[in-house]
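Engineer: To be precise about what I am sending: the file is called run07.pdb and holds PDB, C-alpha atoms.
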```
ATOM      1  CA  MET A   1      13.633  17.362 167.934
ATOM      2  CA  LYS A   2      10.970  18.697 165.616
ATOM      3  CA  LEU A   3       7.468  17.772 166.697
ATOM      4  CA  GLU A   4       4.160  17.850 164.870
ATOM      5  CA  HIS A   5       1.320  19.184 166.955
ATOM      6  CA  VAL A   6      -2.308  18.076 167.020
ATOM      7  CA  ASN A   7      -4.751  20.372 168.791
ATOM      8  CA  GLY A   8      -7.241  19.018 171.255
ATOM      9  CA  GLU A   9      -8.245  18.951 174.874
ATOM     10  CA  LYS A  10      -5.202  19.438 177.085
ATOM     11  CA  LYS A  11      -4.668  16.364 179.268
ATOM     12  CA  GLY A  12      -1.010  16.886 179.995
ATOM     13  CA  GLU A  13       2.093  16.690 177.857
ATOM     14  CA  ILE A  14       1.520  13.840 175.442
ATOM     15  CA  LEU A  15       4.266  12.797 173.057
ATOM     16  CA  LEU A  16       3.997   9.979 170.534
ATOM     17  CA  PHE A  17       7.027   8.363 168.917
ATOM     18  CA  ALA A  18       5.750   6.731 165.744
ATOM     19  CA  LEU A  19       6.624   5.524 162.267
ATOM     20  CA  SER A  20       4.816   6.936 159.242
ATOM     21  CA  THR A  21       4.578   3.400 157.802
ATOM     22  CA  CYS A  22       3.311   1.499 160.833
ATOM     23  CA  GLY A  23      -0.279   0.227 161.155
ATOM     24  CA  TRP A  24      -0.357   0.183 164.975
ATOM     25  CA  CYS A  25       1.041   3.735 165.061
ATOM     26  CA  LYS A  26      -1.782   4.838 162.818
ATOM     27  CA  LYS A  27      -4.330   3.149 165.086
ATOM     28  CA  THR A  28      -2.762   4.951 168.050
ATOM     29  CA  ARG A  29      -3.052   8.329 166.337
ATOM     30  CA  LEU A  30      -6.662   7.600 165.386
ATOM     31  CA  LEU A  31      -7.434   6.675 169.001
ATOM     32  CA  LEU A  32      -5.807   9.877 170.313
ATOM     33  CA  GLU A  33      -7.848  11.856 167.832
ATOM     34  CA  GLU A  34     -11.003   9.988 168.769
ATOM     35  CA  LEU A  35     -10.289  10.856 172.425
ATOM     36  CA  GLY A  36      -9.758  14.431 171.248
ATOM     37  CA  VAL A  37      -6.572  15.031 173.228
ATOM     38  CA  ASP A  38      -3.865  17.606 172.529
ATOM     39  CA  TYR A  39      -0.611  15.856 171.585
ATOM     40  CA  ASP A  40       2.693  16.030 169.756
ATOM     41  CA  TYR A  41       4.138  13.326 167.552
ATOM     42  CA  VAL A  42       7.299  12.580 165.636
ATOM     43  CA  TYR A  43       7.597  10.165 162.720
ATOM     44  CA  VAL A  44      11.036   8.777 163.505
ATOM     45  CA  ASP A  45      11.465   7.100 160.095
ATOM     46  CA  LEU A  46      11.287  10.534 158.464
ATOM     47  CA  THR A  47      14.123  11.983 160.558
ATOM     48  CA  GLU A  48      17.752  11.928 159.447
ATOM     49  CA  GLY A  49      21.275  12.386 160.772
ATOM     50  CA  ASP A  50      21.640  14.365 164.011
ATOM     51  CA  GLU A  51      17.911  14.747 164.423
ATOM     52  CA  ARG A  52      17.473  10.940 164.158
ATOM     53  CA  ASN A  53      20.150  10.441 166.847
ATOM     54  CA  GLU A  54      18.507  12.985 169.115
ATOM     55  CA  VAL A  55      15.095  11.375 168.737
ATOM     56  CA  ILE A  56      16.518   7.885 169.369
ATOM     57  CA  GLU A  57      18.370   9.032 172.512
ATOM     58  CA  ASN A  58      15.142  10.528 173.778
ATOM     59  CA  LEU A  59      13.081   7.429 172.949
ATOM     60  CA  LYS A  60      15.655   5.144 174.591
ATOM     61  CA  LYS A  61      14.860   6.741 177.958
ATOM     62  CA  TRP A  62      11.292   5.442 177.697
ATOM     63  CA  ASN A  63      11.656   2.251 175.722
ATOM     64  CA  THR A  64      15.037   0.562 175.340
ATOM     65  CA  SER A  65      13.748  -1.786 172.640
ATOM     66  CA  LEU A  66      13.111   1.313 170.495
ATOM     67  CA  SER A  67       9.788  -0.009 169.285
ATOM     68  CA  PHE A  68       6.784   1.882 167.963
ATOM     69  CA  PRO A  69       4.403   3.306 168.875
ATOM     70  CA  THR A  70       5.714   4.622 172.196
ATOM     71  CA  LEU A  71       3.470   7.117 173.931
ATOM     72  CA  VAL A  72       5.013   9.265 176.663
ATOM     73  CA  LEU A  73       2.706  10.893 179.200
ATOM     74  CA  ASN A  74       3.794  14.001 181.102
ATOM     75  CA  ASN A  75       7.461  13.127 180.755
ATOM     76  CA  ASP A  76       6.709  10.560 183.434
ATOM     77  CA  LYS A  77       5.425   7.260 182.061
ATOM     78  CA  SER A  78       5.178   5.465 178.765
ATOM     79  CA  ILE A  79       2.780   3.122 176.993
ATOM     80  CA  VAL A  80       4.466   0.869 174.444
ATOM     81  CA  GLY A  81       2.481  -0.564 171.530
ATOM     82  CA  PHE A  82      -1.135   0.054 170.608
ATOM     83  CA  ASP A  83      -2.482  -0.671 174.086
ATOM     84  CA  LYS A  84      -6.021   0.653 173.671
ATOM     85  CA  ALA A  85      -7.153  -0.125 177.222
ATOM     86  CA  SER A  86      -4.186   1.631 178.875
ATOM     87  CA  ILE A  87      -4.436   4.662 176.601
ATOM     88  CA  GLU A  88      -8.164   4.988 177.299
ATOM     89  CA  GLU A  89      -7.581   4.560 181.019
ATOM     90  CA  GLU A  90      -4.974   7.329 181.062
ATOM     91  CA  LEU A  91      -6.605   9.734 178.639
ATOM     92  CA  GLY A  92     -10.250   8.740 178.293
TER      93      GLY A  92
ATOM     94  CA  MET B   1       3.558   8.044 140.355
ATOM     95  CA  SER B   2      -0.177   8.672 140.459
ATOM     96  CA  SER B   3      -2.205   7.297 143.319
ATOM     97  CA  SER B   4      -4.202   5.024 141.002
ATOM     98  CA  GLU B   5      -0.907   3.442 139.865
ATOM     99  CA  ASP B   6       0.022   3.045 143.553
ATOM    100  CA  ASP B   7      -3.332   1.405 144.210
ATOM    101  CA  SER B   8      -2.862  -1.075 141.404
ATOM    102  CA  LEU B   9       0.693  -1.894 142.593
ATOM    103  CA  VAL B  10      -0.660  -2.567 146.082
ATOM    104  CA  GLU B  11      -3.529  -4.622 144.659
ATOM    105  CA  ASP B  12      -1.117  -6.794 142.611
ATOM    106  CA  TYR B  13       1.221  -7.195 145.576
ATOM    107  CA  TYR B  14      -1.707  -8.157 147.805
ATOM    108  CA  LYS B  15      -2.979 -10.822 145.399
ATOM    109  CA  LYS B  16       0.458 -12.329 144.881
ATOM    110  CA  LEU B  17       1.364 -12.369 148.569
ATOM    111  CA  LYS B  18      -1.989 -13.761 149.640
ATOM    112  CA  GLN B  19      -1.702 -16.602 147.142
ATOM    113  CA  GLU B  20       1.891 -17.388 148.164
ATOM    114  CA  ALA B  21       0.978 -17.261 151.835
ATOM    115  CA  GLU B  22      -1.986 -19.609 151.533
ATOM    116  CA  ILE B  23      -0.023 -22.145 149.455
ATOM    117  CA  SER B  24       2.593 -22.365 152.218
ATOM    118  CA  GLY B  25       0.134 -22.490 155.111
ATOM    119  CA  TYR B  26       0.391 -18.841 156.163
ATOM    120  CA  HIS B  27      -2.466 -16.339 156.281
ATOM    121  CA  LEU B  28      -2.634 -12.606 155.659
ATOM    122  CA  ASN B  29      -4.761 -10.530 158.015
ATOM    123  CA  SER B  30      -8.354 -10.628 156.724
ATOM    124  CA  ASP B  31      -8.783  -6.897 157.476
ATOM    125  CA  GLU B  32      -8.052  -5.961 153.865
ATOM    126  CA  GLU B  33      -7.775  -2.230 154.438
ATOM    127  CA  PHE B  34      -5.251  -2.647 157.282
ATOM    128  CA  THR B  35      -3.318  -5.284 155.304
ATOM    129  CA  LYS B  36      -3.143  -3.197 152.134
ATOM    130  CA  GLU B  37      -1.920  -0.175 154.089
ATOM    131  CA  LEU B  38       0.917  -2.296 155.452
ATOM    132  CA  LEU B  39       1.753  -3.557 151.967
ATOM    133  CA  SER B  40       1.697  -0.017 150.646
ATOM    134  CA  SER B  41       4.160   0.908 153.435
ATOM    135  CA  ILE B  42       6.443  -1.998 152.506
ATOM    136  CA  LEU B  43       6.478  -0.624 148.946
ATOM    137  CA  VAL B  44       7.344   2.821 150.380
ATOM    138  CA  ASN B  45      10.267   1.227 152.253
ATOM    139  CA  GLN B  46      11.315  -0.632 149.122
ATOM    140  CA  GLN B  47      11.562   2.740 147.343
ATOM    141  CA  ARG B  48      13.137   4.498 150.309
ATOM    142  CA  TYR B  49      15.773   1.940 151.308
ATOM    143  CA  GLY B  50      15.996  -0.416 148.337
ATOM    144  CA  TYR B  51      14.578  -3.286 150.410
ATOM    145  CA  GLY B  52      11.133  -4.035 151.814
ATOM    146  CA  ALA B  53      11.836  -3.422 155.496
ATOM    147  CA  CYS B  54       9.155  -4.180 158.080
ATOM    148  CA  PRO B  55       6.878  -1.104 158.155
ATOM    149  CA  CYS B  56       6.461  -1.294 161.944
ATOM    150  CA  ARG B  57      10.157  -1.168 162.790
ATOM    151  CA  LEU B  58      12.778   1.494 162.283
ATOM    152  CA  ALA B  59      15.034   0.505 159.373
ATOM    153  CA  SER B  60      18.668   1.583 159.491
ATOM    154  CA  GLY B  61      18.921   2.104 155.743
ATOM    155  CA  LYS B  62      21.773  -0.428 155.679
ATOM    156  CA  ASN B  63      20.642  -3.640 154.010
ATOM    157  CA  GLU B  64      23.163  -5.855 155.849
ATOM    158  CA  GLU B  65      21.969  -4.581 159.251
ATOM    159  CA  ASP B  66      18.324  -5.079 158.351
ATOM    160  CA  LEU B  67      18.278  -8.487 156.625
ATOM    161  CA  ASP B  68      16.366  -9.853 159.627
ATOM    162  CA  LEU B  69      13.544  -7.340 159.224
ATOM    163  CA  ILE B  70      12.906  -7.550 155.518
ATOM    164  CA  CYS B  71       9.304  -8.755 155.258
ATOM    165  CA  PRO B  72       8.671 -11.599 155.979
ATOM    166  CA  CYS B  73      11.001 -10.950 158.903
ATOM    167  CA  ASP B  74      12.963 -13.510 160.945
ATOM    168  CA  TYR B  75      10.525 -12.975 163.841
ATOM    169  CA  ARG B  76       7.262 -13.680 162.017
ATOM    170  CA  ASP B  77       7.090 -17.395 162.769
ATOM    171  CA  PRO B  78       7.996 -17.248 166.480
ATOM    172  CA  ASP B  79       5.445 -14.427 166.862
ATOM    173  CA  LEU B  80       2.790 -16.446 165.008
ATOM    174  CA  ASP B  81       3.508 -19.327 167.407
ATOM    175  CA  GLU B  82       3.374 -17.203 170.532
ATOM    176  CA  TYR B  83       0.844 -14.483 169.728
ATOM    177  CA  GLY B  84      -0.950 -15.662 166.600
ATOM    178  CA  ALA B  85       0.273 -12.712 164.557
ATOM    179  CA  CYS B  86       3.442 -11.116 163.278
ATOM    180  CA  TYR B  87       4.619  -7.863 164.845
ATOM    181  CA  CYS B  88       2.751  -5.732 162.274
ATOM    182  CA  GLY B  89      -0.383  -7.846 162.228
ATOM    183  CA  LEU B  90       0.182  -8.551 158.528
ATOM    184  CA  TYR B  91       0.406 -12.326 158.976
ATOM    185  CA  VAL B  92      -1.995 -14.065 161.351
ATOM    186  CA  SER B  93      -2.569 -17.607 162.612
ATOM    187  CA  GLY B  94      -5.552 -19.784 161.653
ATOM    188  CA  GLU B  95      -6.972 -19.126 165.103
ATOM    189  CA  ILE B  96      -7.017 -15.372 164.565
ATOM    190  CA  LEU B  97      -8.250 -15.752 160.995
ATOM    191  CA  ARG B  98     -11.219 -17.799 162.238
ATOM    192  CA  GLY B  99     -11.939 -15.206 164.923
ATOM    193  CA  GLU B 100     -11.163 -17.582 167.811
ATOM    194  CA  LYS B 101      -8.497 -15.257 169.124
ATOM    195  CA  LYS B 102      -8.269 -11.475 169.025
ATOM    196  CA  LEU B 103      -5.522  -9.662 167.144
ATOM    197  CA  ARG B 104      -3.534  -7.231 169.284
ATOM    198  CA  SER B 105      -0.341  -5.248 169.268
ATOM    199  CA  ILE B 106       2.479  -7.506 170.561
ATOM    200  CA  PRO B 107       5.869  -6.890 172.195
ATOM    201  CA  GLU B 108       9.038  -6.464 170.131
ATOM    202  CA  ARG B 109      11.066  -9.661 169.826
ATOM    203  CA  ARG B 110      13.905  -8.313 167.693
ATOM    204  CA  PRO B 111      17.118  -8.169 169.719
ATOM    205  CA  THR B 112      18.974  -4.856 169.857
ATOM    206  CA  LEU B 113      21.779  -4.211 167.354
ATOM    207  CA  GLU B 114      24.385  -5.174 169.980
ATOM    208  CA  GLU B 115      22.571  -8.431 170.793
ATOM    209  CA  ARG B 116      22.205  -9.268 167.107
ATOM    210  CA  LYS B 117      25.932  -8.846 166.577
ATOM    211  CA  GLU B 118      26.613 -11.180 169.520
ATOM    212  CA  ASN B 119      24.181 -13.798 168.219
ATOM    213  CA  ALA B 120      25.647 -13.866 164.718
ATOM    214  CA  GLY B 121      27.004 -17.289 163.797
ATOM    215  CA  GLN B 122      25.308 -19.044 166.744
ATOM    216  CA  PHE B 123      25.319 -22.393 164.902
ATOM    217  CA  SER B 124      29.009 -22.336 164.024
ATOM    218  CA  ASP B 125      30.129 -24.006 167.277
ATOM    219  CA  ILE B 126      27.553 -26.809 167.091
ATOM    220  CA  GLY B 127      28.814 -30.235 168.276
ATOM    221  CA  ILE B 128      28.615 -32.193 165.018
ATOM    222  CA  SER B 129      31.635 -31.854 162.828
ATOM    223  CA  ALA B 130      30.436 -30.359 159.551
ATOM    224  CA  SER B 131      33.159 -32.176 157.658
ATOM    225  CA  ALA B 132      31.580 -35.527 158.631
ATOM    226  CA  LEU B 133      28.520 -34.672 156.504
ATOM    227  CA  PRO B 134      28.500 -35.173 152.739
ATOM    228  CA  PHE B 135      26.695 -31.811 152.376
ATOM    229  CA  PRO B 136      26.347 -28.717 154.518
ATOM    230  CA  VAL B 137      22.850 -28.122 155.940
ATOM    231  CA  TRP B 138      21.319 -24.693 155.366
ATOM    232  CA  ARG B 139      18.504 -23.224 157.425
ATOM    233  CA  CYS B 140      16.043 -20.550 156.321
ATOM    234  CA  ARG B 141      16.059 -17.970 159.100
ATOM    235  CA  VAL B 142      12.466 -17.025 158.331
ATOM    236  CA  CYS B 143      10.600 -20.339 158.240
ATOM    237  CA  GLY B 144      13.168 -22.899 159.423
ATOM    238  CA  TYR B 145      13.255 -24.863 156.156
ATOM    239  CA  LEU B 146      16.353 -27.095 156.057
ATOM    240  CA  CYS B 147      18.173 -28.436 153.039
ATOM    241  CA  ALA B 148      21.416 -30.343 152.551
ATOM    242  CA  ARG B 149      23.203 -29.109 149.430
ATOM    243  CA  ASP B 150      26.308 -27.201 148.475
ATOM    244  CA  GLU B 151      24.557 -23.808 148.475
ATOM    245  CA  PRO B 152      21.190 -22.601 149.805
ATOM    246  CA  PRO B 153      18.462 -22.313 147.144
ATOM    247  CA  GLU B 154      18.055 -19.024 145.309
ATOM    248  CA  VAL B 155      14.551 -18.676 146.774
ATOM    249  CA  CYS B 156      13.204 -20.512 149.827
ATOM    250  CA  PRO B 157      10.633 -22.997 148.471
ATOM    251  CA  ILE B 158       8.457 -22.491 151.554
ATOM    252  CA  CYS B 159       8.444 -18.806 152.394
ATOM    253  CA  LYS B 160       9.962 -17.336 149.206
ATOM    254  CA  VAL B 161      12.692 -15.260 150.838
ATOM    255  CA  GLY B 162      16.051 -14.967 149.065
ATOM    256  CA  LYS B 163      19.243 -16.973 149.454
ATOM    257  CA  GLU B 164      20.787 -14.286 151.695
ATOM    258  CA  ARG B 165      18.288 -15.190 154.444
ATOM    259  CA  PHE B 166      19.804 -18.680 154.912
ATOM    260  CA  GLU B 167      22.420 -19.590 157.481
ATOM    261  CA  ARG B 168      24.713 -22.595 157.751
ATOM    262  CA  PHE B 169      22.985 -24.914 160.253
ATOM    263  CA  LEU B 170      25.271 -27.968 160.201
TER     264      LEU B 170
END
```
Can the structure from this file be put into structure tokens for me?

Structural biologist:
Amino acid sequence: MKLEHVNGEKKGEILLFALSTCGWCKKTRLLLEELGVDYDYVYVDLTEGDERNEVIENLKKWNTSLSFPTLVLNNDKSIVGFDKASIEEELG
Amino acid sequence: MSSSEDDSLVEDYYKKLKQEAEISGYHLNSDEEFTKELLSSILVNQQRYGYGACPCRLASGKNEEDLDLICPCDYRDPDLDEYGACYCGLYVSGEILRGEKKLRSIPERRPTLEERKENAGQFSDIGISASALPFPVWRCRVCGYLCARDEPPEVCPICKVGKERFERFL
């Protein structure tokens, strides 16, 4: 699974599953950047074939409805949707 | 395509959609920048897949699997009823438009692929015998418009989706 990295303050392993076309995903990225945290993201709509399957299998573990954005924190918990309050509580 | 051509495509799309929405009692999100970005993404999907899939959901690339999420999607109206906005926040209720309720990201309503396959043809075992009616009744999956005629209309007169979005209701 190929990830894009955004540099920032390290607050754990933060992974964002997103779509390049989605408005709430964009708001989530902007919030992460506003909070200045270090994170990785993958635009699932831009993946194909085996890579798409791998990403989906991974996402399924955190969010069976396969919706976006899904933010995974420290390989431990996930925040589904642009939930500003929860993201700020975890990473603010 | 240059970005100014893209901008004018989005502008035209925005004007047309806004007018159509208002005529039928729907409202686009009044945050123009957010709304136009979504429309621009629908145009990207149109180019990418050949159909204007919902920009906030993962399209399969197979038109027949994604009919329910071509914008306006089958889930817009139930989401407007329950949350005052569609999944993307492209369409909003009067309450949200007037600022009486806050727009927020909402949960996914679309069933999984397996569930959708199970649900297909849910009206086919309805109690009334279709043969007792002089015409079949067709239902628009997007807005619920019903009509009794031999075939569904080419375009839904209410929400403007195509004939392929209708199902046999009775």

Engineer: Evaluating the ChimeraX specification (/B :<6) & /A on the displayed file yields which residues, as a ChimeraX atom specification?

Structural biologist: /A:21-22,81-82

Engineer: Between A:Trp24, A:Gly92, A:Tyr41, A:Asn63, which is the closest to Ile79 in chain A once you count only C-alpha atoms?

Structural biologist: A:Asn63

Engineer: How many Å separate CA of Leu46 in chain A from CA of Lys2 in chain A?

Structural biologist: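 According to the coordinates, CA of Leu46 in chain A and CA of Lys2 in chain A are separated by 10.9 Å.
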
Engineer: Just the residues within 9 Å of range 25-31 of chain A, please, counting all atoms listed in the file, with nothing from its chain fewer than 2 positions along; format it as a PyMOL selection string.

Structural biologist: (chain A and resi 16-23+33-36+41+68-71+81-84+87-88) or (chain B and resi 56)

Engineer: Distance CA of Trp138 in chain B-CA of Asp68 in chain B, one decimal place?

Structural biologist: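 CA of Asp68 in chain B lies at a distance of 16.2 Å from CA of Trp138 in chain B.
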
Engineer: Decode the PyMOL selection byres ((chain A and resi 3) around 8) for the given file into explicit residues and return them as a ChimeraX atom specification.

Structural biologist: /A:1-2,4-5,40-42

Engineer: Rank nothing, just name the residue among B:Arg139, B:His27, B:Arg48, B:Lys36 nearest to Lys163 in chain B, using all atoms listed in the file.

Structural biologist: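 Smallest separation from Lys163 in chain B among the options: B:Arg139.
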
Engineer: Which residue gives the smallest distance to Lys61 in chain A among A:Gly8, A:Tyr39, A:Glu90, A:Asp76, with only C-alpha atoms counted?

Structural biologist: A:Asp76

Engineer: With all atoms listed in the file as the atoms that count, which of A:Leu73, A:Ile56, A:Val80, A:Val37 lies nearest to Ile14 in chain A?

Structural biologist: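 Using all atoms listed in the file, the shortest distance to Ile14 in chain A belongs to A:Leu73.
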
Engineer: Would you list the contacts of Glu164 in chain B as a list in words, taking every protein, DNA or RNA residue within 12 Å and counting all atoms listed in the file, but skipping same-chain residues closer than 5 positions in sequence?

Structural biologist: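 Here the answer would be Asn63, Glu64, Asp66, Leu67, Asp68, Ile70, Trp138, Arg139, Cys140, Arg141, Val142, Glu151, Pro152, Pro153, Glu154, Val155 and Cys156 of chain B.
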
Engineer: Can you pull out the residues contacting Pro136 in chain B? Cut-off 10 Å, using all atoms listed in the file, and skip same-chain residues under 5 positions away; I want them as an MDAnalysis selection string.

Structural biologist: chainID B and resid 130:131 147:152 168:170

Engineer: Those same residues - C-alpha atoms - I'd like them written as a PDB file, keeping the file's coordinate frame.

Structural biologist:
```pdb
ATOM      1  CA  ALA B 130      30.436 -30.359 159.551  1.00  0.00           C
ATOM      2  CA  SER B 131      33.159 -32.176 157.658  1.00  0.00           C
ATOM      3  CA  CYS B 147      18.173 -28.436 153.039  1.00  0.00           C
ATOM      4  CA  ALA B 148      21.416 -30.343 152.551  1.00  0.00           C
ATOM      5  CA  ARG B 149      23.203 -29.109 149.430  1.00  0.00           C
ATOM      6  CA  ASP B 150      26.308 -27.201 148.475  1.00  0.00           C
ATOM      7  CA  GLU B 151      24.557 -23.808 148.475  1.00  0.00           C
ATOM      8  CA  PRO B 152      21.190 -22.601 149.805  1.00  0.00           C
ATOM      9  CA  ARG B 168      24.713 -22.595 157.751  1.00  0.00           C
ATOM     10  CA  PHE B 169      22.985 -24.914 160.253  1.00  0.00           C
ATOM     11  CA  LEU B 170      25.271 -27.968 160.201  1.00  0.00           C
TER      12      LEU B 170
END
```

Engineer: What is the CA of Val92 in chain B-CA of Lys15 in chain B distance in Å, reported with one decimal?

Structural biologist: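 CA of Lys15 in chain B lies at a distance of 16.3 Å from CA of Val92 in chain B.
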
Engineer: Run through the PyMOL selection byres ((chain B and resi 85) around 12) on the given coordinates and return the selected residues as an MDAnalysis selection string.

Structural biologist: chainID B and resid 26:30 75:84 86:97 101:107

Engineer: Under the rule that all atoms listed in the file are counted, which of A:Val72, A:Ser78, A:Ser86, A:Asn53 is the nearest residue to Glu13 in chain A?

Structural biologist: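 Once distances to Glu13 in chain A are computed over all atoms listed in the file, the minimum belongs to A:Val72.
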